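Beneath this line is the structure, given in structure tokens, with notes to follow.
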There are 4 protein chains.
Amino acid sequence: MEKFMKEFYFSELGLSEKEEKILSSAIKIFSQKGFDGATTNEIAKDAGVAEGTIFKYYKTKKGILTEILVHLINLMSEKVVLGSIKKIFNDSSKKNVREVLKEIFYDRINFINSIFPMAKIILIEALLHDDVREAIYKNIIIKAGEIFNNFHIRLGKEGSIRDDVESFVIFRSILANIAILIFQKQMFNDKLPIKDLDKELDKIIDIILHGIKKK
Amino acid sequence: MEKFMKEFYFSELGLSEKEEKILSSAIKIFSQKGFDGATTNEIAKDAGVAEGTIFKYYKTKKGILTEILVHLINLMSEKVVLGSIKKIFNDSSKKNVREVLKEIFYDRINFINSIFPMAKIILIEALLHDDVREAIYKNIIIKAGEIFNNFHIRLGKEGSIRDDVESFVIFRSILANIAILIFQKQMFNDKLPIKDLDKELDKIIDIILHGIKKK
Amino acid sequence: MEKFMKEFYFSELGLSEKEEKILSSAIKIFSQKGFDGATTNEIAKDAGVAEGTIFKYYKTKKGILTEILVHLINLMSEKVVLGSIKKIFNDSSKKNVREVLKEIFYDRINFINSIFPMAKIILIEALLHDDVREAIYKNIIIKAGEIFNNFHIRLGKEGSIRDDVESFVIFRSILANIAILIFQKQMFNDKLPIKDLDKELDKIIDIILHGIKKK
Amino acid sequence: MEKFMKEFYFSELGLSEKEEKILSSAIKIFSQKGFDGATTNEIAKDAGVAEGTIFKYYKTKKGILTEILVHLINLMSEKVVLGSIKKIFNDSSKKNVREVLKEIFYDRINFINSIFPMAKIILIEALLHDDVREAIYKNIIIKAGEIFNNFHIRLGKEGSIRDDVESFVIFRSILANIAILIFQKQMFNDKLPIKDLDKELDKIIDIILHGIKKK
DNA sequence: TATGAATGAGAATTCATTCAT
DNA sequence: GATGAATGAATTCTCATTCAT
């Protein structure tokens, strides 16, 4: 996964090998101990460089965190959120809602899992700091909401999805279901393992589409 | 709220006034800066005691965190989770599902909001440390799941809720919807304010009950 | 001298014993190695305290320097420059110019010698930094110039000192002669020892009063 | 002046262009921040060379300082102190003392101003380190004293200057007056500007020659 | 019991110096 | 010769913890 992550995260950033190692190790250590719990010494050792080298690339420890945040935002807003979801939506005319949702769920879960260490770091920072929250709101939440809104309008017209509830409320509910699934997988996979993701998704989507009320 | 929290949290713990102040300040500072980002000096100042006094009550800084975790678990598992939810369930025969859910949602949201600083601290620690996750799983998740399971069985028999999906999946979905609402209120209330919680809950419960699919 | 310095410098500042030791050692080490050449570790060892203790009293290393500067300025402007020189001037009616000058020279030389470590530190900082220069100019030079001006006016009326040259030019020339003497004593005492300060002063004052031209 | 300085300082030293740039930048940065406050990185950037290049020419950072000291001593003792002052003295038979002194003052002030950055660096180092003081004493002070001594003997015979005071005492007093003027110009030119150097020198020389006592 | 001055181990950061290219 | 990335020892500063009062 180390290898995969590197490719995935940084291949197009034009980072030097050392810089890539440092950033990669920082993500690893920060996600294990939190930003304040991690030490630059630890990161340096993990990256196989001298501690001083870190500060050639990043002015301060905080600077590494900022870089990670920026990278995550770029990843989510520019490349992935928009790119792959749009693709799915564009193909959606051919499929029914259930299939589109499943594809989106699959896509999101795989993506978030792949960047989970980064996402975890930023989630914690967002819980603690206003400015991080602000950055996430502006760069991710608003954009994702807009995309969903378009999607919702189209499906509403087609008659596939209810149009008597605001787009945002539906969006939030879907988001909640994806989030808790990722949370379960990442935090409690030993206790509450998700053995068959495919079946699991079917159940969740069924609830999302038809609710929990007996007909 | 400061006053309320103190009473609420600690009134029955038999803590001395000083100890109460320290714990209360620790929760405040930890929730603002995270455990590693907070200093005992800061906590002492906020609590109006000498730094040394903290270490009369808690052997180490970590000890304060443990106390907070234990306290949160007690609060959730023993006193509140079980207590008030059970009460709602016991009264549930008289009401329809929608009303029961709304009451639970109200109850949970109010409760979590009131203990949010504590919950935030522990959430972060749970993201970072196995043992905290373990404690939460054993003491909260399992117990809450069991309670919901009983509730589900009863409602399933009554014909109010689908019984063709596992209890846990439904529970998780409801949990997700509550959680994201609390999250929105606590983290993005300035950007995405929840003006009328009552109406908001109606919409969410509608989606939970009937799904997002157009009939 | 260590003892003497302490008393002299700090006795009325209400400093704790530790703080006094730290400030005293800082002056010693800074004057030996310069501000940037000195380390807080060295100061701590010399003061017999832990390195961390220094930072209880002074937020930063720079803060120690500022304290020394402030202390020197207070010493020179408030207590000593004004105090003792005024006294000499007030008694001056009874003596001739030569005796007054000699008394001032004695007084200044003894004073500057006693605070030379401090003065050296600040001299170097003044050579390097605008703001220090500014502080010295405003707090010492202007005040000393004014005092001398009064002195000059009086002596000019009496007919003891030339009044066809600006006060400042005379002041500067006297200052130069005092300064170079202190400089010689402090920097080159091994090579150019001043064996009999009394005779030395007589010669210098003679030159100041009558010039170097043969009559 | 930058250009001039370079030519002036180094033209006859047979330095390569790079070496000249490095030395020139080192003087600039050292004089702004002091030796310990300056970094080799800063010097390299200012000189437009790689940091490593500095260490091709100078084994250590300290080595640059030594080079500057040696250069300053050469400049003062060999080329200039002796050269131009001798010339003035040799022409002195034709002029009166006042004119000779004025010429010397002009010459010295211009010279020291032109090399002030270097002189400042070495002054600070002399304040801090025995060995630098030693070098200055041996190579500059003694030599200058001897030259002045010859001058004094000659003028004493002519009857222009008092011969009832030691040569050194007179020399020191003249030196003091030159030094304080340079100091004023370099350190406090914004606060105490010297608008008309010519008139200023006339006043100072008048005081040096005739003293401050009213006749 | 409570204090808060003092500690010192450990953290982030700096910087002269080296060395492979 | 020249480079500049990399080093790691040294430095400033932080902070949980102790202990005499």
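As shown in the structure tokens, the chain order sets the letters A, B, ...; within each chain, residues go from 1, and ligands are also counted from 1 in the order they appear.
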
task: With a distance threshold of 12 Å and counting only C-alpha atoms (C1' of nucleotides), extract the residues of chain B near chain F and express them as an MDAnalysis selection string.
output: chainID B and resid 36:42 51:56 58:62

- prompt: chain E residues within 12 Å of chain B, counting only C-alpha atoms (C1' of nucleotides): which ones, as a ChimeraX atom specification?
  reply: /E:1-5

Per-residue nearest contacts of chain A to chain B (6 Å; only C-alpha atoms) as JSON lines:
```
{"residue": "A:Gln32", "atom": "CA", "partner": "B:Leu128", "partner_atom": "CA", "distance": 5.8}
{"residue": "A:Lys33", "atom": "CA", "partner": "B:Leu128", "partner_atom": "CA", "distance": 5.9}
{"residue": "A:Asp36", "atom": "CA", "partner": "B:Asp36", "partner_atom": "CA", "distance": 5.4}
{"residue": "A:Gly37", "atom": "CA", "partner": "B:Asp36", "partner_atom": "CA", "distance": 5.7}
{"residue": "A:Leu128", "atom": "CA", "partner": "B:Gln32", "partner_atom": "CA", "distance": 5.9}
{"residue": "A:Ser160", "atom": "CA", "partner": "B:Lys214", "partner_atom": "CA", "distance": 5.8}
{"residue": "A:Ile161", "atom": "CA", "partner": "B:Lys213", "partner_atom": "CA", "distance": 4.6}
{"residue": "A:Arg162", "atom": "CA", "partner": "B:Lys214", "partner_atom": "CA", "distance": 4.4}
{"residue": "A:Ala176", "atom": "CA", "partner": "B:Ala176", "partner_atom": "CA", "distance": 5.2}
{"residue": "A:Asn177", "atom": "CA", "partner": "B:Ala176", "partner_atom": "CA", "distance": 5.9}
{"residue": "A:Ile180", "atom": "CA", "partner": "B:Ala176", "partner_atom": "CA", "distance": 5.9}
{"residue": "A:Ile208", "atom": "CA", "partner": "B:Gly211", "partner_atom": "CA", "distance": 5.0}
{"residue": "A:Leu209", "atom": "CA", "partner": "B:Gly211", "partner_atom": "CA", "distance": 4.4}
{"residue": "A:His210", "atom": "CA", "partner": "B:Gly211", "partner_atom": "CA", "distance": 4.0}
{"residue": "A:Gly211", "atom": "CA", "partner": "B:Gly211", "partner_atom": "CA", "distance": 3.7}
{"residue": "A:Ile212", "atom": "CA", "partner": "B:Leu209", "partner_atom": "CA", "distance": 4.8}
{"residue": "A:Lys213", "atom": "CA", "partner": "B:Ile161", "partner_atom": "CA", "distance": 4.6}
{"residue": "A:Lys214", "atom": "CA", "partner": "B:Arg162", "partner_atom": "CA", "distance": 4.3}
```

query: Do you know which residues are at most 8 Å from Ser25 in chain A counting only C-alpha atoms (C1' of nucleotides), after dropping those on the same chain fewer than 4 positions away, and could you put them as an NGL selection string?
result: :A and (21 or 29 or 43-44 or 46-47)
